[in-house]
Amino acid sequence: MSDTTMTKQILLTRQSSAYWRVTFNHPPLNIFGPETIPQLNEIITALETDEHVKVVVFDSAVEGFFLTHYDFLAKLEDTTRLPPGPTGLQPLPDMLVRLSRAPVASIASIRAGIVPGGGPMARLPRLMGRGRALEMLLGADDIPGDLAERYGYVNRSFPDSDLDAFVESLATRIASFDKQAIRETKRFVDVASLPPDFEIAPEWDVCFASIMRPAAQERIKKLMEQGFHGAGDVEDRLGYYVGQLGR
Amino acid sequence: MSDTTMTKQILLTRQSSAYWRVTFNHPPLNIFGPETIPQLNEIITALETDEHVKVVVFDSAVEGFFLTHYDFLAKLEDTTRLPPGPTGLQPLPDMLVRLSRAPVASIASIRAGIVPGGGPMARLPRLMGRGRALEMLLGADDIPGDLAERYGYVNRSFPDSDLDAFVESLATRIASFDKQAIRETKRFVDVASLPPDFEIAPEWDVCFASIMRPAAQERIKKLMEQGFHGAGDVEDRLGYYVGQLGR
Amino acid sequence: MSDTTMTKQILLTRQSSAYWRVTFNHPPLNIFGPETIPQLNEIITALETDEHVKVVVFDSAVEGFFLTHYDFLAKLEDTTRLPPGPTGLQPLPDMLVRLSRAPVASIASIRAGIVPGGGPMARLPRLMGRGRALEMLLGADDIPGDLAERYGYVNRSFPDSDLDAFVESLATRIASFDKQAIRETKRFVDVASLPPDFEIAPEWDVCFASIMRPAAQERIKKLMEQGFHGAGDVEDRLGYYVGQLGR
C-alpha cells in the first residue's frame with residue numbers, strides 16, 4: 001500500500017500485522033465513485049493475499065456518514081467501462097463478494113446508516129428473513145441503529161460511547177487467534193450463507209438499467225436541485241427526501 | 001372486480017390506482033372456506049395483472065380476527081375437487097405463492113394472531129430459523145404480537161394506536177416509487193428467499209391427509225362441541241383449547 | 001435402555017411414554033468424550049425408533065454447565081477410530097444430525113452457555129444470519145443467555161426461576177399432540193432448514209485436523225496448565241481464557 005496521492009479517499013492503518021483498519025475519508029459525504037474503485041481494490045487485494053492479517057475494521061473519518069451512496073455526478077461510462085473483476089462480476093459487486101470470501105474477519109463500525117447496494121436483494125433475505133428484507137428494500141428509508149439491530153441488519157447497536165470499546169475488544173480478540181482457523185471457519189460459513197455469484201450479477205445489471213431509465217433520471221435530477229451530493233439536509237435525511245419525490 | 005354479491009367476504013378498496021386495500025370481512029370469525037377461494041383468486045389475479053398497483057395492504061373488518069382458520073364444516077370435497085391453480089399447486093397454496101411473486105409489495109396489517117397455513121413448514125424456518133419455527137409449528141399455540149416480532153414472524157409489533165399510521169405511511173411511501181423498480185426488486189428477493197414450489201405441494205397433501213385421519217377428526221369433533229367455528233372463547237383462545245384436547 | 005453402569009453420564013427419565021428427559025450428569029463439567037458416544041447413541045436410537053415418544057427435553061444435573069466441550073485428555077485415536085454412523089458421518093456429528101431428523105420435538109433446557117460444535121458453521125448462519133454467525137464463531141467467546149436470544153441462537157431466554165415452568169408447559173403441550181403430525185411437520189422443517197450432510201462432513205475433518213496442529217496443541221497445553229478440564233475459573237470463564245492465549 002502506498003500512502004501517496006492527495007486524492008486518497010480510503011486510509012489503511014495497521015494497528016498490528018494481524019489487525020488492520022480501513023477508514024473511509026472522503027468528506028463531506030463519503031460518496032463512492034469510479035475513482036474510489038481502484039483504491040478499494042488495492043485494499044481488498046491486500047486482505048486476500050497478506051499472510052498475517054486476521055481482522056479488519058471498516059470505519060469512517062467523516063462525521064455523520066459511513067458510505068452514503070454511489071456518485072451520480074460521475075459519468076456513467078466511467079463506471080460501466082471498467083472491466084469485470086476476478087469473479088466475473090462488475091468491479092463493485094466483485095469487491096464486495098471478494099471481501100466476503102477473504103480469509104479475514106471483517107467488522108463494519110458504523111456511526112451512520114448506509115443505503116443497500118451491491119447485492120442486497122440476494123443478501124438481505126438470508127440475513128433478516130423475507131418480510132423484513134422487502135420492507136427495507138421497497139421502503140428504501142433511512143434505518144436507525146436500533147431497528148437495524150432488531151432486524152438483524154447489523155449484529156449489534158450501541159450507545160455511541162460504547163461502540164469503539166466493543167469493536168476494539170472483538171477485533172483484538174480475533175487477531176489473537178490462529179489465521180488458518182479463521183480462514184477455514186469463514187470458508188465454511190461462506191458455503192452456508194453466501195448467495196451464489198449468479199444471483200449478484202443480474203442484480204447489478206438491473207440496478208444500472210434502472211438508473212438510466214427516464215423516470216429515475218428525472219428523480220435524480222430533482223434530488224440534485226434540492227442539494228443531493230452536497231453537505232446538507234437532503235443527504236442527512238435522504239430517506240425522507242426520496243419518499244417525497246413521487247408525491 | 002365486481003362489487004355485487006351479498007356473500008362477498010373480501011372487500012377491495014382502491015385508495016389510489018397504486019395503493020389498494022384488501023379487507024377480510026366474514027364475521028364473526030373470518031373463517032376461510034372453499035367459497036372464499038374464487039373471491040381471493042379474483043383479487044390475486046388483479047394484483048398480478050393490473051398495471052398501476054404497487055402496494056396492497058391486507059386487513060380485517062372483524063374485530064379480534066384477521067384470518068382464523070380453514071372451514072372444517074365445509075365438505076372436504078368442495079375443497080379437494082377444485083382444480084390446481086397456474087402453479088400446479090392446489091388453489092390455496094397456489095394463491096399464496098402467486099401473491100408472493102406478484103409485482104406489488106404486500107403488507108399484512110394484523111390486529112389478531114393467525115394460524116400458520118399454506119406452506120409454513122417451508123417458509124417459517126427461512127424466516128425465523130429452525131428452532132423457533134419448530135416451536136411455533138409443533139407448539140401450535142396462539143402467538144402474541146410482541147413474541148411474533150422477537151421471532152421475526154412479523155416485521156414489527158405496535159401498540160394498537162400506532163399500527164394504522166405506520167402501515168399508511170409505509171404503503172403510501174412504496175406507492176410513490178416506480179412500479180418497475182418494485183417488481184424487479186421483489187423478483188430478486190423471491191429468488192433468494194421463496195421456498196421452491198416442490199416443497200409446498202407435499203406439505204399441502206400431508207396437511208389434508210392429516211385432517212382426514214380419525215385422530216384429527218375426533219379432536220375436531222371435540223372442538224366443535226366446545227364451540228369451534230362460532231364466536232366465543234374457543235375461537236378467542238384457540239391455542240389454549242387445542243392444547244387441552246389430548247390431555 | 002438399561003439403568004445399570006456406574007459410569008452412566010447420561011440419564012434417561014420417562015416423564016410419560018410421550019415425554020422423555022435426557023439429563024447430562026458427568027460432574028464436575030459435563031465434558032463429552034469418546035466413552036460418552038455410545039451412551040448418547042443408545043438414546044438417539046431410542047428416540048428414532050420408540051413408537052410413543054413425542055418430545056424430549058435435554059438438561060443438565062451439573063450446576064453451571066450444560067455440555068462444556070469435548071474431552072481433550074482422551075486419546076484422539078479413541079475418537080477417530082470409531083466407525084462412522086448410519087449417515088456416513090463421524091459418530092458425534094452423525095448423532096447430532098440424526099437427532100435433528102428424529103420424529104420427536106427436542107428442547108434444550110440450558111442453564112449455562114455451550115460452545116459450538118458438530119456442524120456450527122453450516123447451522124449457525126442459517127439460524128442467525130451470516131454476520132452474527134461469524135461473530136459467534138470467530139469471536140469464540142462465552143455467550144450470555146440474553147444475547148443468545150437476541151441473536152436467535154436460542155429460542156428464548158428466561159429468568160432462572162421461569163425456565164422450568166416454560167419448558168414443562170411446552171413439552172407437555174407437544175406431548176399431547178399426535179405423533180404422526182409431529183413427525184411429518186418436523187420432516188418438512190428439516191427439508192427447509194437442515195444443512196446437507198455434505199456440508200457437515202468436511203467441517204468435522206477440518207476441526208480434527210486443526211486440533212492436531214502444533215499451534216492448537218500448544219494452546220491446549222497452556223490451557224491445561226491453567227486448569228482446563230478441571231472445576232474452576234478456567235472452565236467457568238472459558239471464553240475469557242481462550243481470548244488471552246494468543247496475546
# chains A, B, ... in the order shown; residues from 1 in each chain; ligands from 1

$ interface_residues --of "chain A" --to "chain C" --cutoff "10 Å" --atoms "only C-alpha atoms" --output "ChimeraX atom specification"
/A:55,104-107,123-129,149-150,152-156,169-178,180-194

$ select_by_dssp --residues "segment 73-171 of chain A" --states "helix (DSSP H, G or I)" --output "NGL selection string"
:A and (76-80 or 91-101 or 120-128 or 130-139 or 145-150 or 160-171)

$ atom_distance --atom1 "atom CA of Gly239 of chain A" --atom2 "atom CA of Asp142 of chain A"
4.7 Å

$ residues_around --residues "segment 9-19 of chain C" --least-positions-apart "3" --cutoff "8 Å" --atoms "only C-alpha atoms" --output "PyMOL selection string"
chain C and resi 22-26+36+39-40+43+52-57+171-172+175

$ write_last_selection --atoms "N, CA, C and O atoms" --output "compact mmCIF listing (two decimals), in the first residue's frame"
# COMPACT_ATOMS: atom_id res chain seq x y z
N VAL C 22 -33.65 -36.20 29.05
CA VAL C 22 -32.28 -36.71 28.96
C VAL C 22 -31.39 -35.73 29.72
O VAL C 22 -31.33 -34.55 29.38
N THR C 23 -30.74 -36.25 30.77
CA THR C 23 -30.01 -35.37 31.67
C THR C 23 -28.52 -35.69 31.63
O THR C 23 -28.11 -36.82 31.93
N PHE C 24 -27.72 -34.70 31.26
CA PHE C 24 -26.27 -34.87 31.29
C PHE C 24 -25.80 -34.80 32.74
O PHE C 24 -26.07 -33.82 33.43
N ASN C 25 -25.10 -35.83 33.18
CA ASN C 25 -24.73 -35.92 34.58
C ASN C 25 -23.32 -36.48 34.69
O ASN C 25 -23.11 -37.63 35.05
N HIS C 26 -22.36 -35.66 34.33
CA HIS C 26 -20.97 -36.08 34.35
C HIS C 26 -20.15 -34.99 35.03
O HIS C 26 -19.42 -34.23 34.38
N THR C 36 -18.61 -41.26 26.07
CA THR C 36 -20.00 -40.75 26.13
C THR C 36 -20.77 -41.13 24.87
O THR C 36 -22.01 -41.21 24.88
N GLN C 39 -23.22 -44.04 24.84
CA GLN C 39 -24.35 -43.74 25.72
C GLN C 39 -25.36 -42.83 25.02
O GLN C 39 -26.57 -43.06 25.08
N LEU C 40 -24.83 -41.81 24.34
CA LEU C 40 -25.74 -40.91 23.62
C LEU C 40 -26.36 -41.64 22.44
O LEU C 40 -27.54 -41.45 22.12
N ILE C 43 -29.42 -43.50 23.30
CA ILE C 43 -30.58 -42.63 23.49
C ILE C 43 -31.12 -42.12 22.16
O ILE C 43 -32.33 -42.12 21.91
N HIS C 52 -43.77 -44.23 20.84
CA HIS C 52 -44.63 -43.36 21.64
C HIS C 52 -44.03 -42.01 21.97
O HIS C 52 -44.76 -41.05 22.22
N VAL C 53 -42.71 -41.91 21.98
CA VAL C 53 -42.10 -40.65 22.41
C VAL C 53 -42.38 -39.53 21.40
O VAL C 53 -42.27 -39.73 20.19
N LYS C 54 -42.77 -38.37 21.90
CA LYS C 54 -43.10 -37.24 21.04
C LYS C 54 -42.20 -36.03 21.31
O LYS C 54 -42.01 -35.18 20.45
N VAL C 55 -41.72 -35.93 22.53
CA VAL C 55 -40.93 -34.75 22.88
C VAL C 55 -39.86 -35.17 23.88
O VAL C 55 -40.10 -36.00 24.76
N VAL C 56 -38.66 -34.61 23.72
CA VAL C 56 -37.57 -34.91 24.64
C VAL C 56 -36.94 -33.58 25.08
O VAL C 56 -36.71 -32.69 24.26
N VAL C 57 -36.72 -33.47 26.39
CA VAL C 57 -36.04 -32.30 26.93
C VAL C 57 -34.64 -32.71 27.36
O VAL C 57 -34.48 -33.68 28.11
N ALA C 171 -43.30 -28.76 26.70
CA ALA C 171 -43.09 -30.19 26.47
C ALA C 171 -44.39 -30.98 26.66
O ALA C 171 -44.73 -31.85 25.84
N THR C 172 -45.15 -30.69 27.71
CA THR C 172 -46.39 -31.45 27.92
C THR C 172 -47.42 -31.09 26.85
O THR C 172 -48.22 -31.93 26.44
N ALA C 175 -46.41 -33.05 23.85
CA ALA C 175 -46.66 -34.47 24.12
C ALA C 175 -48.14 -34.81 23.99
O ALA C 175 -48.50 -35.98 23.84

$ select_by_dssp --residues "segment 7-144 of chain B" --states "strand (DSSP E or B)" --output "NGL selection string"
:B and (10-14 or 19-24 or 32 or 55-60 or 70 or 105-108)

$ atom_distance --atom1 "atom CA of His69 of chain A" --atom2 "atom CA of Leu238 of chain A"
10.2 Å

$ atom_distance --atom1 "atom CA of Glu63 of chain B" --atom2 "atom CA of Val97 of chain B"
27.1 Å

$ residues_around --residues "segment 233-235 of chain B" --least-positions-apart "2" --cutoff "10 Å" --atoms "only C-alpha atoms" --output "NGL selection string"
:B and (29 or 64-65 or 68-69 or 223-224 or 226-231 or 237-242)

$ write_last_selection --atoms "all heavy atoms" --output "compact mmCIF listing (two decimals), in the first residue's frame"
# COMPACT_ATOMS: atom_id res chain seq x y z
N LEU B 29 -65.84 -14.63 12.41
CA LEU B 29 -64.51 -15.16 12.69
C LEU B 29 -63.53 -15.06 11.52
O LEU B 29 -62.38 -15.44 11.66
CB LEU B 29 -64.63 -16.65 13.10
CG LEU B 29 -65.39 -16.93 14.39
CD1 LEU B 29 -65.67 -18.43 14.51
CD2 LEU B 29 -64.61 -16.44 15.60
N GLY B 64 -60.86 -8.61 16.39
CA GLY B 64 -60.32 -9.78 17.09
C GLY B 64 -59.81 -10.88 16.17
O GLY B 64 -59.16 -11.80 16.63
N PHE B 65 -60.11 -10.79 14.87
CA PHE B 65 -59.65 -11.84 13.97
C PHE B 65 -59.13 -11.25 12.66
O PHE B 65 -59.70 -10.31 12.13
CB PHE B 65 -60.79 -12.83 13.66
CG PHE B 65 -61.21 -13.60 14.86
CD1 PHE B 65 -62.22 -13.13 15.69
CD2 PHE B 65 -60.55 -14.77 15.22
CE1 PHE B 65 -62.58 -13.82 16.83
CE2 PHE B 65 -60.91 -15.46 16.36
CZ PHE B 65 -61.92 -14.99 17.18
N THR B 68 -58.77 -16.64 10.56
CA THR B 68 -58.60 -17.54 11.69
C THR B 68 -58.15 -18.93 11.26
O THR B 68 -57.08 -19.37 11.59
CB THR B 68 -59.86 -17.57 12.59
OG1 THR B 68 -59.63 -18.53 13.60
CG2 THR B 68 -61.11 -17.89 11.81
N HIS B 69 -58.94 -19.65 10.50
CA HIS B 69 -58.53 -20.99 10.06
C HIS B 69 -59.45 -21.41 8.94
O HIS B 69 -60.40 -20.71 8.59
CB HIS B 69 -58.55 -22.01 11.21
CG HIS B 69 -59.84 -22.03 11.96
ND1 HIS B 69 -61.01 -22.46 11.41
CD2 HIS B 69 -60.15 -21.60 13.22
CE1 HIS B 69 -61.98 -22.34 12.29
NE2 HIS B 69 -61.50 -21.80 13.40
N LEU B 223 -63.63 -30.29 19.54
CA LEU B 223 -63.55 -28.82 19.50
C LEU B 223 -64.88 -28.22 19.06
O LEU B 223 -65.33 -27.19 19.58
CB LEU B 223 -62.47 -28.37 18.51
CG LEU B 223 -61.08 -28.01 19.01
CD1 LEU B 223 -60.25 -27.46 17.87
CD2 LEU B 223 -61.12 -26.99 20.16
N MET B 224 -65.52 -28.88 18.08
CA MET B 224 -66.81 -28.38 17.58
C MET B 224 -67.83 -28.36 18.72
O MET B 224 -68.58 -27.40 18.88
CB MET B 224 -67.34 -29.29 16.46
CG MET B 224 -66.55 -29.22 15.17
SD MET B 224 -66.82 -27.65 14.29
CE MET B 224 -65.92 -27.98 12.76
N GLN B 226 -67.26 -27.94 21.69
CA GLN B 226 -66.91 -26.89 22.65
C GLN B 226 -67.21 -25.48 22.11
O GLN B 226 -67.14 -24.52 22.86
CB GLN B 226 -65.42 -26.99 23.00
CG GLN B 226 -65.08 -28.26 23.80
CD GLN B 226 -63.58 -28.39 24.02
OE1 GLN B 226 -62.78 -27.94 23.20
NE2 GLN B 226 -63.20 -29.03 25.12
N GLY B 227 -67.49 -25.40 20.79
CA GLY B 227 -67.83 -24.09 20.26
C GLY B 227 -66.98 -23.62 19.09
O GLY B 227 -67.11 -22.48 18.63
N PHE B 228 -66.11 -24.49 18.57
CA PHE B 228 -65.27 -24.18 17.40
C PHE B 228 -66.16 -23.75 16.24
O PHE B 228 -67.25 -24.26 16.06
CB PHE B 228 -64.50 -25.46 17.05
CG PHE B 228 -63.39 -25.32 16.04
CD1 PHE B 228 -62.48 -24.27 16.09
CD2 PHE B 228 -63.22 -26.29 15.05
CE1 PHE B 228 -61.44 -24.19 15.17
CE2 PHE B 228 -62.18 -26.23 14.13
CZ PHE B 228 -61.29 -25.17 14.19
N HIS B 229 -65.70 -22.78 15.48
CA HIS B 229 -66.42 -22.20 14.34
C HIS B 229 -67.53 -21.25 14.75
O HIS B 229 -68.29 -20.79 13.88
CB HIS B 229 -66.99 -23.28 13.40
CG HIS B 229 -65.98 -23.80 12.41
ND1 HIS B 229 -64.84 -24.45 12.81
CD2 HIS B 229 -65.92 -23.74 11.05
CE1 HIS B 229 -64.14 -24.78 11.74
NE2 HIS B 229 -64.76 -24.36 10.68
N GLY B 230 -67.64 -20.95 16.04
CA GLY B 230 -68.62 -19.94 16.46
C GLY B 230 -67.93 -18.88 17.29
O GLY B 230 -66.85 -19.12 17.86
N ALA B 231 -68.53 -17.70 17.36
CA ALA B 231 -67.95 -16.66 18.20
C ALA B 231 -67.92 -17.15 19.65
O ALA B 231 -68.86 -17.79 20.10
CB ALA B 231 -68.77 -15.38 18.08
N ARG B 237 -59.42 -18.11 22.19
CA ARG B 237 -58.20 -18.68 22.78
C ARG B 237 -57.99 -20.08 22.22
O ARG B 237 -57.84 -21.05 22.95
CB ARG B 237 -58.31 -18.73 24.31
CG ARG B 237 -58.50 -17.34 24.93
CD ARG B 237 -58.27 -17.39 26.45
NE ARG B 237 -59.24 -18.25 27.11
CZ ARG B 237 -58.95 -19.08 28.11
NH1 ARG B 237 -57.70 -19.20 28.55
NH2 ARG B 237 -59.90 -19.81 28.67
N LEU B 238 -57.95 -20.15 20.90
CA LEU B 238 -57.88 -21.45 20.23
C LEU B 238 -56.63 -22.22 20.63
O LEU B 238 -56.66 -23.44 20.80
CB LEU B 238 -57.94 -21.25 18.71
CG LEU B 238 -58.10 -22.50 17.86
CD1 LEU B 238 -59.30 -23.33 18.29
CD2 LEU B 238 -58.24 -22.13 16.38
N GLY B 239 -55.51 -21.50 20.78
CA GLY B 239 -54.27 -22.16 21.19
C GLY B 239 -54.45 -22.90 22.50
O GLY B 239 -54.00 -24.04 22.64
N TYR B 240 -55.11 -22.29 23.44
CA TYR B 240 -55.33 -22.93 24.74
C TYR B 240 -56.17 -24.20 24.58
O TYR B 240 -55.81 -25.27 25.07
CB TYR B 240 -56.02 -21.96 25.71
CG TYR B 240 -56.49 -22.64 26.97
CD1 TYR B 240 -55.58 -22.96 27.98
CD2 TYR B 240 -57.82 -23.01 27.13
CE1 TYR B 240 -56.00 -23.62 29.13
CE2 TYR B 240 -58.25 -23.67 28.27
CZ TYR B 240 -57.33 -23.97 29.27
OH TYR B 240 -57.74 -24.64 30.39
N TYR B 241 -57.28 -24.09 23.86
CA TYR B 241 -58.18 -25.24 23.74
C TYR B 241 -57.54 -26.38 22.96
O TYR B 241 -57.72 -27.55 23.29
CB TYR B 241 -59.51 -24.80 23.11
CG TYR B 241 -60.38 -24.06 24.11
CD1 TYR B 241 -60.32 -22.68 24.24
CD2 TYR B 241 -61.25 -24.76 24.95
CE1 TYR B 241 -61.10 -22.00 25.17
CE2 TYR B 241 -62.04 -24.10 25.88
CZ TYR B 241 -61.95 -22.72 26.00
OH TYR B 241 -62.71 -22.06 26.92
N VAL B 242 -56.80 -26.05 21.92
CA VAL B 242 -56.10 -27.09 21.15
C VAL B 242 -55.13 -27.86 22.05
O VAL B 242 -54.96 -29.07 21.91
CB VAL B 242 -55.35 -26.46 19.95
CG1 VAL B 242 -54.32 -27.41 19.37
CG2 VAL B 242 -56.35 -26.03 18.88

$ residues_around --residues "Pro34 of chain C" --least-positions-apart "6" --cutoff "10 Å" --atoms "only C-alpha atoms" --output "JSON, numbers by chain"
{"C": [70, 71, 74, 75, 76, 77, 78, 79, 80, 81, 82, 91, 92]}

$ write_last_selection --atoms "all heavy atoms" --output "short mmCIF file (atom, residue, chain, number, x, y, z; two decimals), in the first residue's frame"
data_model
loop_
_atom_site.label_atom_id
_atom_site.label_comp_id
_atom_site.auth_asym_id
_atom_site.auth_seq_id
_atom_site.Cartn_x
_atom_site.Cartn_y
_atom_site.Cartn_z
N TYR C 70 -15.48 -30.99 24.21
CA TYR C 70 -15.01 -32.34 24.03
C TYR C 70 -13.84 -32.62 24.97
O TYR C 70 -13.20 -31.69 25.47
CB TYR C 70 -14.57 -32.55 22.57
CG TYR C 70 -14.65 -34.00 22.16
CD1 TYR C 70 -15.87 -34.60 21.90
CD2 TYR C 70 -13.49 -34.77 22.06
CE1 TYR C 70 -15.95 -35.93 21.53
CE2 TYR C 70 -13.56 -36.11 21.69
CZ TYR C 70 -14.79 -36.68 21.43
OH TYR C 70 -14.87 -38.01 21.08
N ASP C 71 -13.58 -33.89 25.21
CA ASP C 71 -12.52 -34.30 26.14
C ASP C 71 -11.16 -34.29 25.43
O ASP C 71 -10.86 -35.19 24.65
CB ASP C 71 -12.85 -35.71 26.65
CG ASP C 71 -11.87 -36.15 27.74
OD1 ASP C 71 -10.86 -35.43 27.98
OD2 ASP C 71 -12.10 -37.21 28.34
N ALA C 74 -8.68 -37.24 26.41
CA ALA C 74 -8.82 -38.58 25.83
C ALA C 74 -7.86 -38.74 24.67
O ALA C 74 -7.49 -37.77 24.00
CB ALA C 74 -10.26 -38.78 25.35
N LYS C 75 -7.44 -40.00 24.44
CA LYS C 75 -6.60 -40.24 23.28
C LYS C 75 -7.40 -39.95 22.01
O LYS C 75 -8.53 -40.41 21.86
CB LYS C 75 -6.12 -41.70 23.27
CG LYS C 75 -4.81 -41.89 24.08
CD LYS C 75 -4.29 -43.31 23.99
CE LYS C 75 -4.98 -44.17 25.03
NZ LYS C 75 -4.53 -45.57 25.07
N LEU C 76 -6.80 -39.19 21.11
CA LEU C 76 -7.50 -38.81 19.89
C LEU C 76 -7.94 -40.05 19.11
O LEU C 76 -9.02 -40.07 18.49
CB LEU C 76 -6.59 -37.93 19.03
CG LEU C 76 -7.30 -36.99 18.06
CD1 LEU C 76 -8.25 -36.05 18.78
CD2 LEU C 76 -6.29 -36.18 17.26
N GLU C 77 -7.13 -41.11 19.17
CA GLU C 77 -7.48 -42.33 18.43
C GLU C 77 -8.77 -42.95 18.96
O GLU C 77 -9.49 -43.61 18.21
CB GLU C 77 -6.36 -43.38 18.51
CG GLU C 77 -4.98 -42.85 18.17
CD GLU C 77 -4.32 -42.21 19.39
OE1 GLU C 77 -3.89 -42.92 20.29
OE2 GLU C 77 -4.27 -40.95 19.41
N ASP C 78 -9.03 -42.76 20.25
CA ASP C 78 -10.27 -43.32 20.79
C ASP C 78 -11.49 -42.71 20.12
O ASP C 78 -12.56 -43.31 20.07
CB ASP C 78 -10.36 -43.07 22.31
CG ASP C 78 -9.40 -43.98 23.08
OD1 ASP C 78 -8.81 -44.89 22.45
OD2 ASP C 78 -9.24 -43.77 24.29
N THR C 79 -11.31 -41.49 19.61
CA THR C 79 -12.39 -40.84 18.87
C THR C 79 -12.33 -41.18 17.39
O THR C 79 -13.32 -41.58 16.79
CB THR C 79 -12.32 -39.31 19.05
OG1 THR C 79 -12.44 -39.01 20.45
CG2 THR C 79 -13.44 -38.62 18.30
N THR C 80 -11.12 -41.06 16.82
CA THR C 80 -11.03 -41.18 15.36
C THR C 80 -11.20 -42.63 14.90
O THR C 80 -11.57 -42.86 13.75
CB THR C 80 -9.69 -40.64 14.84
OG1 THR C 80 -8.62 -41.28 15.56
CG2 THR C 80 -9.60 -39.14 15.04
N ARG C 81 -10.96 -43.61 15.78
CA ARG C 81 -11.09 -44.99 15.32
C ARG C 81 -12.55 -45.47 15.33
O ARG C 81 -12.86 -46.55 14.83
CB ARG C 81 -10.24 -45.92 16.19
CG ARG C 81 -10.84 -46.17 17.55
CD ARG C 81 -10.02 -47.16 18.35
NE ARG C 81 -10.54 -47.24 19.71
CZ ARG C 81 -9.83 -47.63 20.75
NH1 ARG C 81 -8.56 -47.96 20.61
NH2 ARG C 81 -10.39 -47.70 21.95
N LEU C 82 -13.45 -44.68 15.92
CA LEU C 82 -14.85 -45.07 15.92
C LEU C 82 -15.38 -45.06 14.49
O LEU C 82 -15.10 -44.13 13.73
CB LEU C 82 -15.68 -44.10 16.78
CG LEU C 82 -15.39 -44.15 18.30
CD1 LEU C 82 -15.98 -42.92 18.99
CD2 LEU C 82 -15.95 -45.42 18.92
N PRO C 91 -19.19 -40.28 14.39
CA PRO C 91 -20.24 -40.52 15.38
C PRO C 91 -20.89 -39.27 15.99
O PRO C 91 -22.11 -39.19 16.09
CB PRO C 91 -19.53 -41.34 16.46
CG PRO C 91 -18.47 -42.08 15.71
CD PRO C 91 -18.00 -41.14 14.64
N LEU C 92 -20.09 -38.26 16.38
CA LEU C 92 -20.72 -37.12 17.04
C LEU C 92 -21.60 -36.31 16.08
O LEU C 92 -22.80 -36.11 16.35
CB LEU C 92 -19.68 -36.24 17.74
CG LEU C 92 -20.24 -35.07 18.55
CD1 LEU C 92 -21.31 -35.51 19.54
CD2 LEU C 92 -19.11 -34.36 19.30
#

$ decode --residues "segment 129-145 of chain B" --atoms "C-alpha atoms" --output "PDB file, in the first residue's frame"
ATOM      1  CA  GLY B 129     -34.597 -20.046  11.945  1.00  0.00           C
ATOM      2  CA  ARG B 130     -35.133 -23.725  12.531  1.00  0.00           C
ATOM      3  CA  GLY B 131     -35.543 -23.775  16.333  1.00  0.00           C
ATOM      4  CA  ARG B 132     -38.133 -21.050  16.572  1.00  0.00           C
ATOM      5  CA  ALA B 133     -40.015 -22.408  13.565  1.00  0.00           C
ATOM      6  CA  LEU B 134     -40.233 -25.801  15.244  1.00  0.00           C
ATOM      7  CA  GLU B 135     -41.515 -24.218  18.453  1.00  0.00           C
ATOM      8  CA  MET B 136     -44.200 -22.312  16.532  1.00  0.00           C
ATOM      9  CA  LEU B 137     -45.248 -25.295  14.409  1.00  0.00           C
ATOM     10  CA  LEU B 138     -45.087 -28.060  16.994  1.00  0.00           C
ATOM     11  CA  GLY B 139     -46.262 -25.872  19.891  1.00  0.00           C
ATOM     12  CA  ALA B 140     -49.208 -24.754  17.726  1.00  0.00           C
ATOM     13  CA  ASP B 141     -50.149 -22.065  20.223  1.00  0.00           C
ATOM     14  CA  ASP B 142     -51.532 -18.563  19.817  1.00  0.00           C
ATOM     15  CA  ILE B 143     -48.742 -16.065  19.207  1.00  0.00           C
ATOM     16  CA  PRO B 144     -48.842 -12.634  20.834  1.00  0.00           C
ATOM     17  CA  GLY B 145     -47.638  -9.737  18.721  1.00  0.00           C
TER      18      GLY B 145
END
